[in-house]
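In what follows, a structure is listed as structure tokens, so that the remarks can point back to it.
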Amino acid sequence: MITPTASDRTVRFADFPTLTQALDFAATGETGINLYSLRGELVEALPYAKLREDAQVLARRLLATGAKVGDSVALLAETDGDFVRAFFACQYAGLLPAPMALPTPLGGREAYIEQITNLARSAKAKILLGPVGLKDWVAEIGQRAGLDFAGVLADLPEDGGAALPTITPEDPCYLQFSSGSTRTPTGVLVLHKALMANCVAITRDGLQVVPSDRAISWLPLYHDMGLIGFLLAPLSCQMSVDLLPTGAFVRRPLLWIDLISRNKATTAYSPTFGYELCARRVQGQSLEAYDLSHWRQAGLGGDMIRMPPLKAFVEAFGPAGFSDKAFVASYGMAEATLALSMAPLGKGLRAETLDVERLERDALAVDAPEGSERARDFARCGPALPHHFLEVRGEDGQVLPERGVGRIFAKGPSVMSGYFANPEETARVLSADGWLDTGDLGFKIEGEIVITGRAKDLIILNGRNIWPQDLEWTADHEIDGLRSGDVCAFAIPAEPEDQIVVLVQARGGDADSRAALVEQVTTLLRTRHGVDAKVKLVGAHALPQTSSGKLSRSKAKAAYLAGTYGD
């Protein structure tokens with residue numbers, strides 16, 4: 001039996017000094033976490049009261065390994081009860097959990113073991129805990145990384161009777177690793193006070209949680225949107241949440257829709273591609289089993305928001321009661337715990353249709369002329385959340401007026417204190433007075449932030465600022481057979497000017513059809529964007545993704561330069 005929504009409860013909006021105190025209070029009610037299998041079947045209903053009890057027992061067993069308060073614990077983040085218990089056991093024990101990704105279906109054992117070994121070393125972990133199915137891999141990682149303990153929860157020593165420490169708002173809460181970096185892994189150190197400040201902003205100010213709210217998620221728990229947005233934030237306001245493994249969504253995306261309908265969920269988030277996948281899979285199917293009329297917060301985050309797939313989702317699921325007013329655009333990042341801004345509820349997506357020419361040439365967000373072929377929609381992501389601040393600055397560091405496109409800086413109580421054990425990288429992005437260089441580009445309009453792309457991805461060609469997603473979206477939207485995520489654009493240094501490379505995933509085809517696809521993409525980008533690109537076909541699933549499922553241009557570029565895709 002799933003934990004109830006408990007619509008008659010009184011909500012406290014994360015007004016707790018620490019995460020442990022948030023769980024202490026949530027444990028006085030009947031709500032909790034419900035964990036599902038790859039087939040969408042309930043595996044475990046875990047009331048917050050039971051989670052608290054189990055976590056405190058496990059906390060003492062963790063300390064019995066010889067771990068000291070402040071030590072780091074690497075956690076392989078399976079979407080199951082053991083991960084949730086281990087994460088909160090670390091909280092009560094005063095240890096620093098560092099959630100880490102599970103192996104990808106197309107990865108290999110050796111590559112994964114090397115990846116987690118590097119992350120464990122970066123986190124200075126003393127302990128590694130993983131799921132039972134990866135026990136042998138966990139042991140090998142433990143050996144390579146020189147850990148004091150590596151195993152599953154059942155392997156922990158018995159309770160040694162250690163006293164649990166007092167947790168304060170200034171204490172470290174967890175380490176969050178970036179989802180797509182090819183650099184040496186850098187963990188964001190999140191303090192309890194920063195987490196709780198962000199949970200207040202999300203639950204009270206952004207989502208405006210009411211007692212009848214219930215959350216559902218398929219997002220991975222090693223990613224900030226999955227961990228904070230759909231485990232820690234719901235707990236902080238005593239909301240029941242239903243968690244579906246990411247692999248279940250990838251195989252059967254309509255399981256997500258089915259659970260939302262069946263459990264009368266009101267809150268669920270996804271990057272754009274998740275909505276797109278559901279709209280594709282439901283084509284030709286009956287909608288009689290679905291009731292989405294109670295879904296009032298269909299959040300968007302984790303990637304650039306694309307309008308056409310979301311319109312397709314509304315067309316597909318409108319007959320099941322889904323309203324386009326439910327869409328909520330958001331902006332945030334791990335360095336700010338999670339959320340920095342959220343669009344107003346109940347208004348749906350609001351977009352600015354901009355002249356791409358002016359954007360590229362003048363760094364100005366100017367409305368596109370009616371009927372222009374060089375126009376693109378950019379979603380408004382709302383104003384900064386209360387007590388948080390967003391500025392758009394030019395190259396000279398001065399704050400730009402509205403519609404001026406520049407680099408986005410953020411400040412507020414949920415911005416990180418720094419990267420873990422990496423003062424040089426911290427100083428590069430975080431000023432002495434607390435302003436975070438987000439690395440994102442965008443502009444403001446009527447006080448709301450609009451994201452146009454990542455600064456590191458920007459292609460500068462003959463004085464033009466070309467956004468790679470413009471090239472990607474033109475190709476996958478206008479060429480039959482290409483889907484979202486099939487195209488990756490970036491620039492590489494060359495003489496006399498940088499070369500734009502466009503990688504295209506091709507699903508089979510003979511030599512003539514493949515050559516025709518290359519010519520089609522090349523011609524389209526030349527005529528529509530005025531660029532001469534080197535177009536190269538790669539195999540299906542060849543383009544790398546981040547842990548949140550979005551395209552990783554940095555990894556694709558590195559693979560291309562390393563010769564992974566051939567000559």
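Note on naming: chains are A, B, ... as they come in the structure tokens, residues start from 1 per chain, ligands start from 1 in the order shown.
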- Query: Do you know which residues are at most 7 Å from Thr267 in chain A counting only C-alpha atoms, after dropping those on the same chain fewer than 6 positions away, and could you put them as a list in words?
  - Reply: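 My reading of the contact set: Asp213, Arg214, Ala215, Ile216, Trp295, Arg296, Gln297 and Ala298 of chain A.
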- Message: If DSSP is run on the backbone, what residues of range 219-321 of chain A are strand (DSSP E)? A reply as a PyMOL selection string would be ideal.
- Response: chain A and resi 241-243+267-270+297-300
- Item | Proximity to Asp224 in chain A - best of A:Gly302, A:Glu373, A:Pro103, A:Thr186, only C-alpha atoms | A:Gly302
- Message: Report as a PyMOL selection string all protein, DNA and RNA residues lying within 7 Å of Asp437 in chain A, evaluated on only C-alpha atoms, omitting residues in the same chain fewer than 5 positions from it.
- Response: chain A and resi 408-410+429-430
- Task: Any chance you could list, as a PyMOL selection string, the residues in range 85-303 of chain A that come up alpha helix (DSSP H) when DSSP is run on the backbone?
- Result: chain A and resi 85-93+109-122+135-145+192-200+224-227+233-236+246-251+254-262+272-281
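You will find CA of Lys347 in chain A at 5.0 Å from CA of Lys325 in chain A.
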- Which residue gives the smallest distance to Pro544 in chain A among A:Ser286, A:Pro157, A:Gly485, A:Thr523, with only C-alpha atoms counted? A:Gly485
- Kindly give the distance, in Å, that separates CA of Cys278 in chain A and CA of Ala540 in chain A, rounded to a single decimal.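 Computing it gives 20.0 Å between the two atoms.
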- In Å, with one decimal, what is the gap from CA of Ser431 in chain A to CA of Leu390 in chain A?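 Here the two named atoms are 14.2 Å from each other.
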Mind checking which residues fall within 10 Å of range 342-345 of chain A, counting only C-alpha atoms, ignoring those fewer than 4 positions away in the same chain, and posting them as a PDB file with N, CA, C and O atoms, in the first residue's frame?
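To be explicit, this is the file written out as around-v8.pdb:
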ATOM      1  N   ALA A 201      12.507  27.927  -0.866  1.00  0.00           N
ATOM      2  CA  ALA A 201      12.224  28.654  -2.104  1.00  0.00           C
ATOM      3  C   ALA A 201      11.427  27.801  -3.081  1.00  0.00           C
ATOM      4  O   ALA A 201      10.503  28.287  -3.741  1.00  0.00           O
ATOM      5  N   ILE A 202      11.763  26.513  -3.177  1.00  0.00           N
ATOM      6  CA  ILE A 202      11.062  25.616  -4.108  1.00  0.00           C
ATOM      7  C   ILE A 202       9.635  25.354  -3.647  1.00  0.00           C
ATOM      8  O   ILE A 202       8.679  25.503  -4.419  1.00  0.00           O
ATOM      9  N   ASP A 205       7.648  29.124  -2.251  1.00  0.00           N
ATOM     10  CA  ASP A 205       7.570  30.248  -3.183  1.00  0.00           C
ATOM     11  C   ASP A 205       7.381  29.813  -4.640  1.00  0.00           C
ATOM     12  O   ASP A 205       6.631  30.443  -5.379  1.00  0.00           O
ATOM     13  N   GLY A 206       8.068  28.759  -5.041  1.00  0.00           N
ATOM     14  CA  GLY A 206       7.991  28.338  -6.429  1.00  0.00           C
ATOM     15  C   GLY A 206       6.786  27.476  -6.724  1.00  0.00           C
ATOM     16  O   GLY A 206       5.881  27.848  -7.474  1.00  0.00           O
ATOM     17  N   LEU A 207       6.735  26.297  -6.110  1.00  0.00           N
ATOM     18  CA  LEU A 207       5.632  25.362  -6.350  1.00  0.00           C
ATOM     19  C   LEU A 207       4.392  25.672  -5.528  1.00  0.00           C
ATOM     20  O   LEU A 207       3.305  25.167  -5.818  1.00  0.00           O
ATOM     21  N   GLN A 208       4.560  26.468  -4.477  1.00  0.00           N
ATOM     22  CA  GLN A 208       3.427  26.841  -3.617  1.00  0.00           C
ATOM     23  C   GLN A 208       2.628  25.599  -3.213  1.00  0.00           C
ATOM     24  O   GLN A 208       1.434  25.457  -3.479  1.00  0.00           O
ATOM     25  N   ARG A 296      -0.866  19.764 -11.887  1.00  0.00           N
ATOM     26  CA  ARG A 296      -0.876  21.222 -11.932  1.00  0.00           C
ATOM     27  C   ARG A 296       0.515  21.842 -12.058  1.00  0.00           C
ATOM     28  O   ARG A 296       0.634  23.038 -12.309  1.00  0.00           O
ATOM     29  N   GLN A 297       1.562  21.037 -11.892  1.00  0.00           N
ATOM     30  CA  GLN A 297       2.934  21.536 -11.996  1.00  0.00           C
ATOM     31  C   GLN A 297       3.742  20.579 -12.867  1.00  0.00           C
ATOM     32  O   GLN A 297       4.325  19.625 -12.381  1.00  0.00           O
ATOM     33  N   ALA A 298       3.707  20.814 -14.168  1.00  0.00           N
ATOM     34  CA  ALA A 298       4.476  20.019 -15.119  1.00  0.00           C
ATOM     35  C   ALA A 298       5.775  20.783 -15.379  1.00  0.00           C
ATOM     36  O   ALA A 298       5.850  21.633 -16.262  1.00  0.00           O
ATOM     37  N   GLY A 299       6.755  20.504 -14.562  1.00  0.00           N
ATOM     38  CA  GLY A 299       7.963  21.312 -14.561  1.00  0.00           C
ATOM     39  C   GLY A 299       8.895  21.006 -15.715  1.00  0.00           C
ATOM     40  O   GLY A 299       8.911  19.896 -16.263  1.00  0.00           O
ATOM     41  N   LEU A 300       9.676  22.008 -16.079  1.00  0.00           N
ATOM     42  CA  LEU A 300      10.678  21.892 -17.127  1.00  0.00           C
ATOM     43  C   LEU A 300      12.003  22.394 -16.586  1.00  0.00           C
ATOM     44  O   LEU A 300      12.097  23.488 -16.045  1.00  0.00           O
ATOM     45  N   GLY A 301      13.035  21.600 -16.725  1.00  0.00           N
ATOM     46  CA  GLY A 301      14.359  21.973 -16.277  1.00  0.00           C
ATOM     47  C   GLY A 301      15.354  20.925 -16.718  1.00  0.00           C
ATOM     48  O   GLY A 301      14.985  19.844 -17.151  1.00  0.00           O
ATOM     49  N   LYS A 325      -1.503  25.057 -19.228  1.00  0.00           N
ATOM     50  CA  LYS A 325      -1.241  26.001 -18.145  1.00  0.00           C
ATOM     51  C   LYS A 325      -0.406  25.371 -17.028  1.00  0.00           C
ATOM     52  O   LYS A 325       0.092  26.065 -16.139  1.00  0.00           O
ATOM     53  N   ALA A 326      -0.266  24.052 -17.065  1.00  0.00           N
ATOM     54  CA  ALA A 326       0.487  23.362 -16.008  1.00  0.00           C
ATOM     55  C   ALA A 326       1.992  23.485 -16.179  1.00  0.00           C
ATOM     56  O   ALA A 326       2.744  23.294 -15.214  1.00  0.00           O
ATOM     57  N   PHE A 327       2.469  23.795 -17.384  1.00  0.00           N
ATOM     58  CA  PHE A 327       3.913  23.880 -17.600  1.00  0.00           C
ATOM     59  C   PHE A 327       4.536  24.974 -16.724  1.00  0.00           C
ATOM     60  O   PHE A 327       4.011  26.077 -16.619  1.00  0.00           O
ATOM     61  N   VAL A 328       5.667  24.628 -16.093  1.00  0.00           N
ATOM     62  CA  VAL A 328       6.408  25.566 -15.251  1.00  0.00           C
ATOM     63  C   VAL A 328       7.873  25.527 -15.683  1.00  0.00           C
ATOM     64  O   VAL A 328       8.566  24.529 -15.467  1.00  0.00           O
ATOM     65  N   ALA A 329       8.339  26.601 -16.299  1.00  0.00           N
ATOM     66  CA  ALA A 329       9.747  26.686 -16.688  1.00  0.00           C
ATOM     67  C   ALA A 329      10.592  27.081 -15.484  1.00  0.00           C
ATOM     68  O   ALA A 329      10.191  27.931 -14.691  1.00  0.00           O
ATOM     69  N   SER A 330      11.753  26.466 -15.351  1.00  0.00           N
ATOM     70  CA  SER A 330      12.624  26.713 -14.199  1.00  0.00           C
ATOM     71  C   SER A 330      14.063  26.889 -14.668  1.00  0.00           C
ATOM     72  O   SER A 330      14.439  26.432 -15.750  1.00  0.00           O
ATOM     73  N   TYR A 331      14.842  27.513 -13.821  1.00  0.00           N
ATOM     74  CA  TYR A 331      16.276  27.665 -14.087  1.00  0.00           C
ATOM     75  C   TYR A 331      17.043  27.429 -12.797  1.00  0.00           C
ATOM     76  O   TYR A 331      16.644  27.915 -11.727  1.00  0.00           O
ATOM     77  N   GLY A 332      18.115  26.661 -12.898  1.00  0.00           N
ATOM     78  CA  GLY A 332      18.940  26.409 -11.725  1.00  0.00           C
ATOM     79  C   GLY A 332      20.144  25.568 -12.075  1.00  0.00           C
ATOM     80  O   GLY A 332      20.402  25.260 -13.239  1.00  0.00           O
ATOM     81  N   LEU A 349       3.725  28.055 -20.454  1.00  0.00           N
ATOM     82  CA  LEU A 349       4.977  28.554 -21.011  1.00  0.00           C
ATOM     83  C   LEU A 349       4.754  29.886 -21.711  1.00  0.00           C
ATOM     84  O   LEU A 349       3.815  30.055 -22.486  1.00  0.00           O
ATOM     85  N   ARG A 350       5.629  30.820 -21.412  1.00  0.00           N
ATOM     86  CA  ARG A 350       5.622  32.105 -22.106  1.00  0.00           C
ATOM     87  C   ARG A 350       6.982  32.266 -22.770  1.00  0.00           C
ATOM     88  O   ARG A 350       8.008  32.109 -22.115  1.00  0.00           O
ATOM     89  N   ALA A 379      12.163  30.402 -23.857  1.00  0.00           N
ATOM     90  CA  ALA A 379      11.194  30.384 -22.761  1.00  0.00           C
ATOM     91  C   ALA A 379      11.600  31.321 -21.629  1.00  0.00           C
ATOM     92  O   ALA A 379      12.778  31.384 -21.251  1.00  0.00           O
ATOM     93  N   ARG A 380      10.623  32.021 -21.085  1.00  0.00           N
ATOM     94  CA  ARG A 380      10.839  32.778 -19.855  1.00  0.00           C
ATOM     95  C   ARG A 380      10.884  31.805 -18.686  1.00  0.00           C
ATOM     96  O   ARG A 380      10.007  30.953 -18.541  1.00  0.00           O
ATOM     97  N   CYS A 381      11.895  31.939 -17.834  1.00  0.00           N
ATOM     98  CA  CYS A 381      12.051  31.032 -16.690  1.00  0.00           C
ATOM     99  C   CYS A 381      11.714  31.706 -15.366  1.00  0.00           C
ATOM    100  O   CYS A 381      12.098  31.214 -14.300  1.00  0.00           O
ATOM    101  N   GLY A 382      10.997  32.817 -15.421  1.00  0.00           N
ATOM    102  CA  GLY A 382      10.514  33.452 -14.212  1.00  0.00           C
ATOM    103  C   GLY A 382      11.532  34.365 -13.549  1.00  0.00           C
ATOM    104  O   GLY A 382      12.702  34.412 -13.940  1.00  0.00           O
ATOM    105  N   PRO A 383      11.092  35.092 -12.525  1.00  0.00           N
ATOM    106  CA  PRO A 383      12.004  35.948 -11.760  1.00  0.00           C
ATOM    107  C   PRO A 383      12.820  35.117 -10.779  1.00  0.00           C
ATOM    108  O   PRO A 383      12.486  33.958 -10.495  1.00  0.00           O
ATOM    109  N   ALA A 384      13.880  35.702 -10.253  1.00  0.00           N
ATOM    110  CA  ALA A 384      14.664  35.022  -9.217  1.00  0.00           C
ATOM    111  C   ALA A 384      13.768  34.705  -8.033  1.00  0.00           C
ATOM    112  O   ALA A 384      12.867  35.484  -7.672  1.00  0.00           O
ATOM    113  N   LEU A 385      13.983  33.555  -7.424  1.00  0.00           N
ATOM    114  CA  LEU A 385      13.220  33.176  -6.231  1.00  0.00           C
ATOM    115  C   LEU A 385      13.534  34.143  -5.087  1.00  0.00           C
ATOM    116  O   LEU A 385      14.607  34.770  -5.076  1.00  0.00           O
ATOM    117  N   GLU A 448      12.153  38.838 -15.590  1.00  0.00           N
ATOM    118  CA  GLU A 448      12.288  37.382 -15.709  1.00  0.00           C
ATOM    119  C   GLU A 448      13.557  37.036 -16.482  1.00  0.00           C
ATOM    120  O   GLU A 448      13.987  37.777 -17.371  1.00  0.00           O
ATOM    121  N   ILE A 449      14.131  35.881 -16.142  1.00  0.00           N
ATOM    122  CA  ILE A 449      15.363  35.451 -16.798  1.00  0.00           C
ATOM    123  C   ILE A 449      15.025  34.548 -17.983  1.00  0.00           C
ATOM    124  O   ILE A 449      14.097  33.727 -17.916  1.00  0.00           O
TER     125      ILE A 449
END
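Minimum distance to Leu244 in chain A across A:Leu35, A:Ile500, A:Leu482, A:Leu102 (counting only C-alpha atoms) occurs at A:Leu35.
Closest approach to Phe249 in chain A among A:Gly40, A:Ala77, A:Thr117, A:Asn465 is made by A:Gly40 (distances from only C-alpha atoms).
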- Item | Contacts of Glu497 in chain A at 9 Å (only C-alpha atoms; same-chain gap of 4+ positions) as an NGL selection string | :A and (461-462 or 493)
Residues of the last selection are to be written out with N, CA and C atoms, as a compact mmCIF listing (two decimals), in the first residue's frame.
# COMPACT_ATOMS: atom_id res chain seq x y z
N LEU A 461 32.05 33.07 -34.81
CA LEU A 461 32.51 32.94 -36.19
C LEU A 461 32.33 34.28 -36.90
N ASN A 462 33.43 34.89 -37.32
CA ASN A 462 33.37 36.17 -38.01
C ASN A 462 32.56 37.21 -37.27
N PRO A 493 39.29 24.49 -33.27
CA PRO A 493 40.25 25.47 -33.79
C PRO A 493 40.80 25.03 -35.14
